[in-house]
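As stored in run_1.pdb (PDB, C-alpha atoms and all ligand atoms):
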ATOM      1  CA  MET A   1      89.103 123.580  80.966
ATOM      2  CA  SER A   2      85.946 123.794  83.053
ATOM      3  CA  ASP A   3      83.643 125.380  80.366
ATOM      4  CA  LEU A   4      83.617 123.727  76.963
ATOM      5  CA  LEU A   5      81.450 123.080  73.914
ATOM      6  CA  ILE A   6      82.172 119.897  71.945
ATOM      7  CA  ARG A   7      80.502 119.967  68.514
ATOM      8  CA  ASN A   8      79.650 117.544  65.721
ATOM      9  CA  ALA A   9      80.747 114.277  67.381
ATOM     10  CA  ALA A  10      80.387 111.310  65.042
ATOM     11  CA  ALA A  11      79.177 109.295  68.033
ATOM     12  CA  ILE A  12      78.780 109.781  71.791
ATOM     13  CA  VAL A  13      79.219 106.599  73.830
ATOM     14  CA  THR A  14      77.887 107.058  77.376
ATOM     15  CA  GLY A  15      78.993 103.934  79.235
ATOM     16  CA  ALA A  16      75.318 103.285  80.168
ATOM     17  CA  ARG A  17      73.399 100.181  79.093
ATOM     18  CA  GLY A  18      70.661  99.482  76.557
ATOM     19  CA  ASP A  19      68.905 102.428  74.964
ATOM     20  CA  ARG A  20      71.124 104.824  76.885
ATOM     21  CA  ALA A  21      74.390 103.382  75.530
ATOM     22  CA  ARG A  22      74.612 106.189  72.983
ATOM     23  CA  ALA A  23      73.563 109.815  73.219
ATOM     24  CA  LYS A  24      72.362 111.461  70.031
ATOM     25  CA  GLY A  25      74.193 114.742  70.286
ATOM     26  CA  PRO A  26      76.148 115.596  68.323
ATOM     27  CA  ASP A  27      77.033 118.488  70.674
ATOM     28  CA  ILE A  28      78.018 118.418  74.384
ATOM     29  CA  ARG A  29      78.092 121.412  76.696
ATOM     30  CA  VAL A  30      80.360 121.314  79.768
ATOM     31  CA  ARG A  31      79.965 123.929  82.481
ATOM     32  CA  ASP A  32      82.160 124.020  85.593
ATOM     33  CA  GLY A  33      83.584 120.624  84.667
ATOM     34  CA  ARG A  34      80.183 118.894  84.325
ATOM     35  CA  ILE A  35      78.111 117.950  81.284
ATOM     36  CA  ILE A  36      74.955 120.088  81.441
ATOM     37  CA  ALA A  37      73.521 119.482  77.959
ATOM     38  CA  ILE A  38      73.773 117.047  75.046
ATOM     39  CA  GLY A  39      71.872 117.923  71.899
ATOM     40  CA  ALA A  40      71.859 119.225  68.344
ATOM     41  CA  ARG A  41      73.092 122.667  67.400
ATOM     42  CA  LEU A  42      73.618 123.903  70.955
ATOM     43  CA  PRO A  43      74.043 127.703  70.951
ATOM     44  CA  GLU A  44      77.562 129.085  71.205
ATOM     45  CA  PRO A  45      77.814 131.690  73.941
ATOM     46  CA  GLY A  46      81.523 131.951  73.477
ATOM     47  CA  GLU A  47      83.124 129.211  75.560
ATOM     48  CA  PRO A  48      86.096 127.286  74.115
ATOM     49  CA  THR A  49      84.881 124.934  71.381
ATOM     50  CA  ILE A  50      86.256 121.641  70.096
ATOM     51  CA  ASP A  51      85.205 120.439  66.646
ATOM     52  CA  ALA A  52      84.770 116.657  67.119
ATOM     53  CA  SER A  53      83.833 115.882  63.498
ATOM     54  CA  ASP A  54      84.831 112.288  62.669
ATOM     55  CA  CYS A  55      85.576 111.669  66.370
ATOM     56  CA  VAL A  56      83.923 109.427  68.941
ATOM     57  CA  VAL A  57      83.365 110.927  72.410
ATOM     58  CA  TYR A  58      83.381 108.516  75.356
ATOM     59  CA  PRO A  59      83.952 108.689  79.149
ATOM     60  CA  ALA A  60      87.590 108.556  80.219
ATOM     61  CA  TRP A  61      88.883 105.156  81.254
ATOM     62  CA  ILE A  62      89.325 104.270  84.914
ATOM     63  CA  ASN A  63      92.480 102.373  85.816
ATOM     64  CA  THR A  64      91.627 100.397  88.952
ATOM     65  CA  HIS A  65      95.074  98.909  89.665
ATOM     66  CA  HIS A  66      98.594 100.003  88.747
ATOM     67  CA  HIS A  67     102.129 100.102  90.179
ATOM     68  CA  LEU A  68     103.490 103.326  88.740
ATOM     69  CA  PHE A  69     107.009 103.037  90.149
ATOM     70  CA  GLN A  70     107.497  99.928  88.014
ATOM     71  CA  SER A  71     107.300 102.093  84.857
ATOM     72  CA  LEU A  72     111.095 102.372  84.987
ATOM     73  CA  LEU A  73     111.558  98.610  85.325
ATOM     74  CA  LYS A  74     109.891  97.432  82.131
ATOM     75  CA  GLY A  75     112.081  95.102  80.127
ATOM     76  CA  GLU A  76     114.605  94.624  82.926
ATOM     77  CA  PRO A  77     116.475  91.530  81.639
ATOM     78  CA  GLN A  78     116.525  89.491  84.857
ATOM     79  CA  GLY A  79     112.755  89.611  85.079
ATOM     80  CA  LEU A  80     111.922  88.720  81.487
ATOM     81  CA  ASN A  81     109.789  85.586  81.081
ATOM     82  CA  ALA A  82     109.838  84.928  84.823
ATOM     83  CA  THR A  83     106.650  83.888  86.605
ATOM     84  CA  LEU A  84     105.187  86.237  89.206
ATOM     85  CA  THR A  85     107.112  85.480  92.390
ATOM     86  CA  PRO A  86     110.579  85.086  90.802
ATOM     87  CA  TRP A  87     109.916  88.269  88.836
ATOM     88  CA  LEU A  88     109.015  90.172  92.026
ATOM     89  CA  ALA A  89     112.312  89.102  93.562
ATOM     90  CA  ALA A  90     114.355  89.745  90.405
ATOM     91  CA  THR A  91     112.894  93.139  89.510
ATOM     92  CA  PRO A  92     110.778  95.405  91.769
ATOM     93  CA  TYR A  93     112.174  94.231  95.118
ATOM     94  CA  ARG A  94     115.705  94.054  93.767
ATOM     95  CA  PHE A  95     115.599  97.638  92.521
ATOM     96  CA  ARG A  96     113.517  99.284  95.227
ATOM     97  CA  ALA A  97     116.594 100.723  96.954
ATOM     98  CA  GLY A  98     117.580 102.402  93.679
ATOM     99  CA  PHE A  99     114.604 104.757  93.808
ATOM    100  CA  ASP A 100     115.283 108.231  95.158
ATOM    101  CA  ALA A 101     112.799 111.098  94.874
ATOM    102  CA  ARG A 102     113.911 112.010  91.347
ATOM    103  CA  ARG A 103     113.686 108.492  89.931
ATOM    104  CA  PHE A 104     110.406 107.789  91.682
ATOM    105  CA  ARG A 105     108.898 111.001  90.266
ATOM    106  CA  LEU A 106     110.156 110.126  86.788
ATOM    107  CA  ALA A 107     108.652 106.645  86.992
ATOM    108  CA  ALA A 108     105.304 108.049  88.161
ATOM    109  CA  ARG A 109     105.315 110.678  85.423
ATOM    110  CA  ILE A 110     106.057 108.165  82.664
ATOM    111  CA  GLY A 111     103.318 105.834  83.870
ATOM    112  CA  LEU A 112     100.744 108.597  84.241
ATOM    113  CA  VAL A 113     101.520 110.147  80.851
ATOM    114  CA  GLU A 114     101.125 106.732  79.226
ATOM    115  CA  LEU A 115      97.730 106.407  80.896
ATOM    116  CA  VAL A 116      96.609 109.890  79.832
ATOM    117  CA  LEU A 117      97.628 109.144  76.252
ATOM    118  CA  SER A 118      95.508 105.996  76.282
ATOM    119  CA  GLY A 119      92.405 107.895  77.441
ATOM    120  CA  CYS A 120      92.520 107.360  81.180
ATOM    121  CA  GLY A 121      91.069 110.015  83.518
ATOM    122  CA  THR A 122      91.188 108.248  86.894
ATOM    123  CA  VAL A 123      94.138 106.246  88.192
ATOM    124  CA  ALA A 124      94.240 104.025  91.275
ATOM    125  CA  ASP A 125      97.886 103.294  91.997
ATOM    126  CA  HIS A 126      98.708 100.452  94.364
ATOM    127  CA  ASN A 127     102.018 101.815  95.593
ATOM    128  CA  TYR A 128     103.949  99.463  97.841
ATOM    129  CA  LEU A 129     107.319 101.175  97.739
ATOM    130  CA  TYR A 130     107.503 102.063 101.420
ATOM    131  CA  TYR A 131     110.076 101.048 103.999
ATOM    132  CA  PRO A 132     111.362 102.455 107.291
ATOM    133  CA  GLY A 133     113.412 105.630 106.990
ATOM    134  CA  MET A 134     112.705 106.341 103.327
ATOM    135  CA  SER A 135     114.329 109.530 102.122
ATOM    136  CA  PHE A 136     111.282 110.842 100.223
ATOM    137  CA  ASP A 137     107.502 111.016 100.487
ATOM    138  CA  ALA A 138     106.333 108.706  97.687
ATOM    139  CA  SER A 139     102.657 109.460  98.364
ATOM    140  CA  ALA A 140     103.144 113.219  98.001
ATOM    141  CA  ILE A 141     105.010 112.750  94.725
ATOM    142  CA  LEU A 142     102.215 110.585  93.278
ATOM    143  CA  PHE A 143      99.489 113.091  94.160
ATOM    144  CA  ASP A 144     101.594 115.936  92.806
ATOM    145  CA  GLU A 145     102.319 114.265  89.464
ATOM    146  CA  ALA A 146      98.655 113.293  88.989
ATOM    147  CA  GLU A 147      97.525 116.839  89.736
ATOM    148  CA  ARG A 148      99.904 118.271  87.154
ATOM    149  CA  LEU A 149      98.172 116.158  84.515
ATOM    150  CA  GLY A 150      94.640 116.926  85.733
ATOM    151  CA  LEU A 151      93.990 113.301  86.697
ATOM    152  CA  ARG A 152      91.774 111.973  89.444
ATOM    153  CA  PHE A 153      94.141 110.005  91.643
ATOM    154  CA  VAL A 154      93.408 107.232  94.124
ATOM    155  CA  LEU A 155      96.399 106.331  96.278
ATOM    156  CA  CYS A 156      96.118 102.713  97.377
ATOM    157  CA  ARG A 157      98.632 102.792 100.209
ATOM    158  CA  GLY A 158     100.383  99.439 100.119
ATOM    159  CA  GLY A 159     102.284  98.176 103.089
ATOM    160  CA  ALA A 160     103.676  95.111 104.803
ATOM    161  CA  THR A 161     104.788  94.099 108.251
ATOM    162  CA  LEU A 162     106.152  90.684 107.255
ATOM    163  CA  THR A 163     109.270  89.846 105.270
ATOM    164  CA  ARG A 164     108.451  87.589 102.331
ATOM    165  CA  GLU A 165     110.919  84.982 101.208
ATOM    166  CA  LEU A 166     111.528  87.004  98.059
ATOM    167  CA  GLU A 167     112.658  89.954 100.221
ATOM    168  CA  ALA A 168     115.000  87.925 102.360
ATOM    169  CA  GLU A 169     118.021  89.042 100.333
ATOM    170  CA  LEU A 170     117.237  92.714 100.907
ATOM    171  CA  PRO A 171     119.255  94.707 103.450
ATOM    172  CA  LEU A 172     117.448  95.041 106.778
ATOM    173  CA  ALA A 173     116.812  98.740 106.174
ATOM    174  CA  LEU A 174     114.603  97.904 103.221
ATOM    175  CA  ARG A 175     112.442  95.450 105.119
ATOM    176  CA  PRO A 176     108.806  96.073 106.027
ATOM    177  CA  GLU A 177     107.311  98.664 108.353
ATOM    178  CA  THR A 178     105.677  98.060 111.701
ATOM    179  CA  LEU A 179     101.888  98.002 111.823
ATOM    180  CA  GLY A 180     101.977 101.126 113.971
ATOM    181  CA  ALA A 181     104.013 103.008 111.369
ATOM    182  CA  TYR A 182     101.713 101.831 108.576
ATOM    183  CA  LEU A 183      98.524 102.899 110.368
ATOM    184  CA  THR A 184     100.043 106.217 111.457
ATOM    185  CA  ASP A 185     100.915 107.003 107.856
ATOM    186  CA  LEU A 186      97.437 105.965 106.726
ATOM    187  CA  GLU A 187      95.957 108.472 109.177
ATOM    188  CA  ARG A 188      98.365 111.174 107.968
ATOM    189  CA  LEU A 189      97.462 110.547 104.323
ATOM    190  CA  ALA A 190      93.731 110.477 105.057
ATOM    191  CA  ALA A 191      93.959 113.849 106.805
ATOM    192  CA  ALA A 192      96.192 115.399 104.140
ATOM    193  CA  TYR A 193      94.631 114.108 100.920
ATOM    194  CA  HIS A 194      91.414 112.109 101.229
ATOM    195  CA  ASP A 195      88.286 113.727  99.796
ATOM    196  CA  PRO A 196      85.130 111.576 100.108
ATOM    197  CA  ALA A 197      83.091 113.757  97.702
ATOM    198  CA  PRO A 198      81.697 111.886  94.639
ATOM    199  CA  ASP A 199      83.698 114.088  92.243
ATOM    200  CA  ALA A 200      86.878 114.044  94.351
ATOM    201  CA  PHE A 201      90.250 114.360  92.666
ATOM    202  CA  ARG A 202      92.111 112.774  95.589
ATOM    203  CA  ARG A 203      91.271 109.614  97.459
ATOM    204  CA  VAL A 204      93.253 107.436  99.863
ATOM    205  CA  VAL A 205      92.650 103.698 100.187
ATOM    206  CA  ALA A 206      94.135 101.172 102.628
ATOM    207  CA  ALA A 207      95.820  98.505 100.515
ATOM    208  CA  PRO A 208      98.002  95.928 102.335
ATOM    209  CA  THR A 209     100.377  94.783  99.622
ATOM    210  CA  THR A 210      99.439  91.100  99.408
ATOM    211  CA  PRO A 211      96.995  89.938 102.092
ATOM    212  CA  LEU A 212      98.353  86.441 102.533
ATOM    213  CA  PHE A 213     102.035  87.380 102.749
ATOM    214  CA  SER A 214     102.197  91.001 103.921
ATOM    215  CA  MET A 215     100.554  91.036 107.337
ATOM    216  CA  ARG A 216      99.388  88.717 110.090
ATOM    217  CA  PRO A 217      95.622  88.082 110.159
ATOM    218  CA  ALA A 218      95.131  90.204 113.283
ATOM    219  CA  GLU A 219      97.031  93.062 111.618
ATOM    220  CA  LEU A 220      94.871  92.844 108.490
ATOM    221  CA  LEU A 221      91.779  92.999 110.697
ATOM    222  CA  GLU A 222      93.128  96.069 112.458
ATOM    223  CA  THR A 223      93.964  97.695 109.125
ATOM    224  CA  ALA A 224      90.426  97.052 107.858
ATOM    225  CA  HIS A 225      88.990  98.452 111.087
ATOM    226  CA  THR A 226      91.165 101.585 110.884
ATOM    227  CA  ALA A 227      90.300 102.148 107.211
ATOM    228  CA  ARG A 228      86.573 101.959 107.939
ATOM    229  CA  ARG A 229      86.922 104.302 110.907
ATOM    230  CA  LEU A 230      88.664 106.799 108.614
ATOM    231  CA  GLY A 231      86.074 106.359 105.840
ATOM    232  CA  LEU A 232      88.625 104.816 103.464
ATOM    233  CA  ARG A 233      88.008 101.958 101.052
ATOM    234  CA  LEU A 234      90.164  98.835 100.970
ATOM    235  CA  HIS A 235      92.008  97.300  98.046
ATOM    236  CA  SER A 236      94.643  94.744  97.142
ATOM    237  CA  HIS A 237      95.603  92.283  94.452
ATOM    238  CA  LEU A 238      94.520  88.711  95.006
ATOM    239  CA  SER A 239      94.507  85.243  93.452
ATOM    240  CA  GLU A 240      96.799  86.022  90.540
ATOM    241  CA  THR A 241      98.134  82.468  90.395
ATOM    242  CA  VAL A 242      97.379  78.862  91.324
ATOM    243  CA  ASN A 243     100.317  79.137  93.747
ATOM    244  CA  TYR A 244      98.411  81.802  95.643
ATOM    245  CA  GLN A 245      95.415  79.493  96.048
ATOM    246  CA  ASP A 246      97.694  76.694  97.216
ATOM    247  CA  ALA A 247      99.447  78.958  99.725
ATOM    248  CA  ALA A 248      96.139  80.112 101.247
ATOM    249  CA  HIS A 249      95.044  76.522 101.769
ATOM    250  CA  ALA A 250      98.453  75.496 103.145
ATOM    251  CA  GLN A 251      98.750  78.418 105.590
ATOM    252  CA  HIS A 252      95.171  78.810 106.754
ATOM    253  CA  GLY A 253      93.126  75.927 105.354
ATOM    254  CA  LEU A 254      91.027  78.476 103.489
ATOM    255  CA  SER A 255      90.549  79.703  99.941
ATOM    256  CA  PRO A 256      91.948  83.214  99.354
ATOM    257  CA  ILE A 257      88.466  84.776  99.367
ATOM    258  CA  ARG A 258      87.470  82.942 102.563
ATOM    259  CA  PHE A 259      90.720  84.178 104.105
ATOM    260  CA  ALA A 260      89.904  87.723 102.972
ATOM    261  CA  GLN A 261      86.521  87.380 104.669
ATOM    262  CA  GLU A 262      88.161  86.217 107.911
ATOM    263  CA  VAL A 263      90.348  89.327 108.020
ATOM    264  CA  GLY A 264      87.650  91.880 107.187
ATOM    265  CA  LEU A 265      88.570  92.358 103.537
ATOM    266  CA  LEU A 266      85.224  91.689 101.861
ATOM    267  CA  GLY A 267      82.379  94.121 101.343
ATOM    268  CA  ALA A 268      81.022  96.881  99.137
ATOM    269  CA  ASP A 269      83.912  99.128 100.174
ATOM    270  CA  VAL A 270      86.555  96.654  98.901
ATOM    271  CA  TRP A 271      87.846  95.889  95.408
ATOM    272  CA  PHE A 272      90.517  93.468  94.269
ATOM    273  CA  ALA A 273      92.703  93.325  91.200
ATOM    274  CA  HIS A 274      93.339  90.137  89.207
ATOM    275  CA  LEU A 275      91.060  87.481  90.762
ATOM    276  CA  VAL A 276      91.887  85.176  87.878
ATOM    277  CA  LYS A 277      91.987  81.958  89.959
ATOM    278  CA  LEU A 278      88.689  81.537  91.803
ATOM    279  CA  ASP A 279      86.500  78.566  92.577
ATOM    280  CA  ALA A 280      82.689  78.688  92.391
ATOM    281  CA  ASP A 281      82.283  79.248  96.166
ATOM    282  CA  GLU A 282      84.611  82.231  96.036
ATOM    283  CA  ILE A 283      82.733  83.812  93.140
ATOM    284  CA  ALA A 284      79.465  83.339  95.042
ATOM    285  CA  LEU A 285      80.951  84.903  98.177
ATOM    286  CA  LEU A 286      82.244  87.916  96.258
ATOM    287  CA  GLY A 287      78.763  88.361  94.813
ATOM    288  CA  ALA A 288      76.996  87.884  98.150
ATOM    289  CA  THR A 289      79.216  90.476  99.833
ATOM    290  CA  ASP A 290      79.039  92.961  96.916
ATOM    291  CA  THR A 291      82.816  93.022  96.839
ATOM    292  CA  VAL A 292      83.570  93.490  93.172
ATOM    293  CA  TRP A 293      80.903  94.693  90.847
ATOM    294  CA  ARG A 294      79.258  97.315  93.026
ATOM    295  CA  THR A 295      82.527  99.052  93.848
ATOM    296  CA  ALA A 296      83.420  98.980  90.150
ATOM    297  CA  ARG A 297      80.124 100.686  89.377
ATOM    298  CA  ARG A 298      80.649 103.262  92.106
ATOM    299  CA  ALA A 299      84.104 103.973  90.766
ATOM    300  CA  MET A 300      82.483 104.669  87.385
ATOM    301  CA  ALA A 301      80.053 107.094  89.031
ATOM    302  CA  ALA A 302      82.952 108.907  90.672
TER
HETATM  303 ZN    ZN A 401      99.392  94.450  91.269
END
What is this file in structure tokens?
Ligand SMILES: [Zn+2]
Amino acid sequence: MSDLLIRNAAAIVTGARGDRARAKGPDIRVRDGRIIAIGARLPEPGEPTIDASDCVVYPAWINTHHHLFQSLLKGEPQGLNATLTPWLAATPYRFRAGFDARRFRLAARIGLVELVLSGCGTVADHNYLYYPGMSFDASAILFDEAERLGLRFVLCRGGATLTRELEAELPLALRPETLGAYLTDLERLAAAYHDPAPDAFRRVVAAPTTPLFSMRPAELLETAHTARRLGLRLHSHLSETVNYQDAAHAQHGLSPIRFAQEVGLLGADVWFAHLVKLDADEIALLGATDTVWRTARRAMAA
């Protein structure tokens, strides 16, 4: 609905700070999908009108990290109460071969509908269900399902070139891609879907699945270089557990954030999910490189 008049809102929360946190209203006029006026008793030239009496109007939520295909795996008994790595082995990796186009679409639809119902308008999905010779185009399905619901959709294209221990039980056919295949698909997706405009409905982001375990350092550097050449942002999940910190030190003698810096994964065009286990140096480095807060603010603006 690109033209709209919202009337009589009990409150309008803007998302801005200080004096601008609330707009007086109580009416909002939307023209061509943009708010052009907020005020009292706006005239009614005949566009569709919503009576928002007793309602609060606020900007739609932005989901900055999700794994939509896992919507069908909630409550899977083998994964219940497991910690992160055993759960990954027992649930998403165990069932990844069970996803065909129909099941993948259903999982995406369930996850997206849940998000819409909770007030979300923009979804960044970190999809890592990719392997050589897949029978369906997971990326195309995600964009299609988001479009049907009128959502802004950011595809964070996960990917791995290394087999993690938790994948070792998987048949060879379900093992990781080559770097060449990953980067070729990133280029394809950028050309087919990526819109850099501030009000874009489709964005593509390079998102190696788990930096420490998914690719070799030189491959991460090449991925970051390719993403920047294509004008794509970078994303991943990082430092979810103490184990992750320990693994970074054991493998590279670096904290996870220092490792990310070494492989080109810090900067204003990068955001990470989780980051719940950080030391003071890492927090300072994230701040100094503008890695988290500025991209979060830009995402809000988009
Ligand atoms: Zn995640």
I need the residue set behind the PyMOL selection byres (((not hetatm)) within 10 of (chain A and resi 401)) for this file; please write it as an NGL selection string. :A and (65-67 or 125-128 or 209-210 or 236-238 or 240 or 272-274)
Restrict the selected residues to C-alpha atoms and save them as a PDB file, in the coordinates of the input.
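Below is the file again.pdb, written as the result:
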ATOM      1  CA  HIS A  65      95.074  98.909  89.665  1.00  0.00           C
ATOM      2  CA  HIS A  66      98.594 100.003  88.747  1.00  0.00           C
ATOM      3  CA  HIS A  67     102.129 100.102  90.179  1.00  0.00           C
ATOM      4  CA  ASP A 125      97.886 103.294  91.997  1.00  0.00           C
ATOM      5  CA  HIS A 126      98.708 100.452  94.364  1.00  0.00           C
ATOM      6  CA  ASN A 127     102.018 101.815  95.593  1.00  0.00           C
ATOM      7  CA  TYR A 128     103.949  99.463  97.841  1.00  0.00           C
ATOM      8  CA  THR A 209     100.377  94.783  99.622  1.00  0.00           C
ATOM      9  CA  THR A 210      99.439  91.100  99.408  1.00  0.00           C
ATOM     10  CA  SER A 236      94.643  94.744  97.142  1.00  0.00           C
ATOM     11  CA  HIS A 237      95.603  92.283  94.452  1.00  0.00           C
ATOM     12  CA  LEU A 238      94.520  88.711  95.006  1.00  0.00           C
ATOM     13  CA  GLU A 240      96.799  86.022  90.540  1.00  0.00           C
ATOM     14  CA  PHE A 272      90.517  93.468  94.269  1.00  0.00           C
ATOM     15  CA  ALA A 273      92.703  93.325  91.200  1.00  0.00           C
ATOM     16  CA  HIS A 274      93.339  90.137  89.207  1.00  0.00           C
TER      17      HIS A 274
END
Could you tell me which residues the PyMOL selection byres (((chain A and resi 89) around 12) and not hetatm) returns for this structure, as a list in words? Gln78, Gly79, Ala82, Thr83, Leu84, Thr85, Pro86, Trp87, Leu88, Ala90, Thr91, Pro92, Tyr93, Arg94, Phe95, Arg96, Arg164, Glu165, Leu166, Glu167, Ala168, Glu169 and Leu170 of chain A
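Atom pair atom CA of A:Asp269 / atom CA of A:Ala247: separated by 25.5 Å.
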Can you list, as a PyMOL selection string, the residues that the PyMOL selection byres (((chain A and resi 234) around 7) and not hetatm) selects here? chain A and resi 205-207+232-233+235+269-271
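For stretch 103-111 of chain A, the non-local neighbours within 9 Å, defined as residues at least 4 positions apart in the same chain or in other chains and counting only C-alpha atoms, are A:His66, A:His67, A:Leu68, A:Phe69, A:Gln70, A:Ser71, A:Leu72, A:Leu73, A:Gly98, A:Phe99, A:Leu115, A:Val116, A:Ala138, A:Ile141, A:Leu142, A:Glu145, A:Ala146.
Proximity to A:Thr289 was assessed for A:Asp100, A:Ala268, A:Ala37, A:Leu5 counting all atoms listed in the file; the smallest distance is recorded for A:Ala268.
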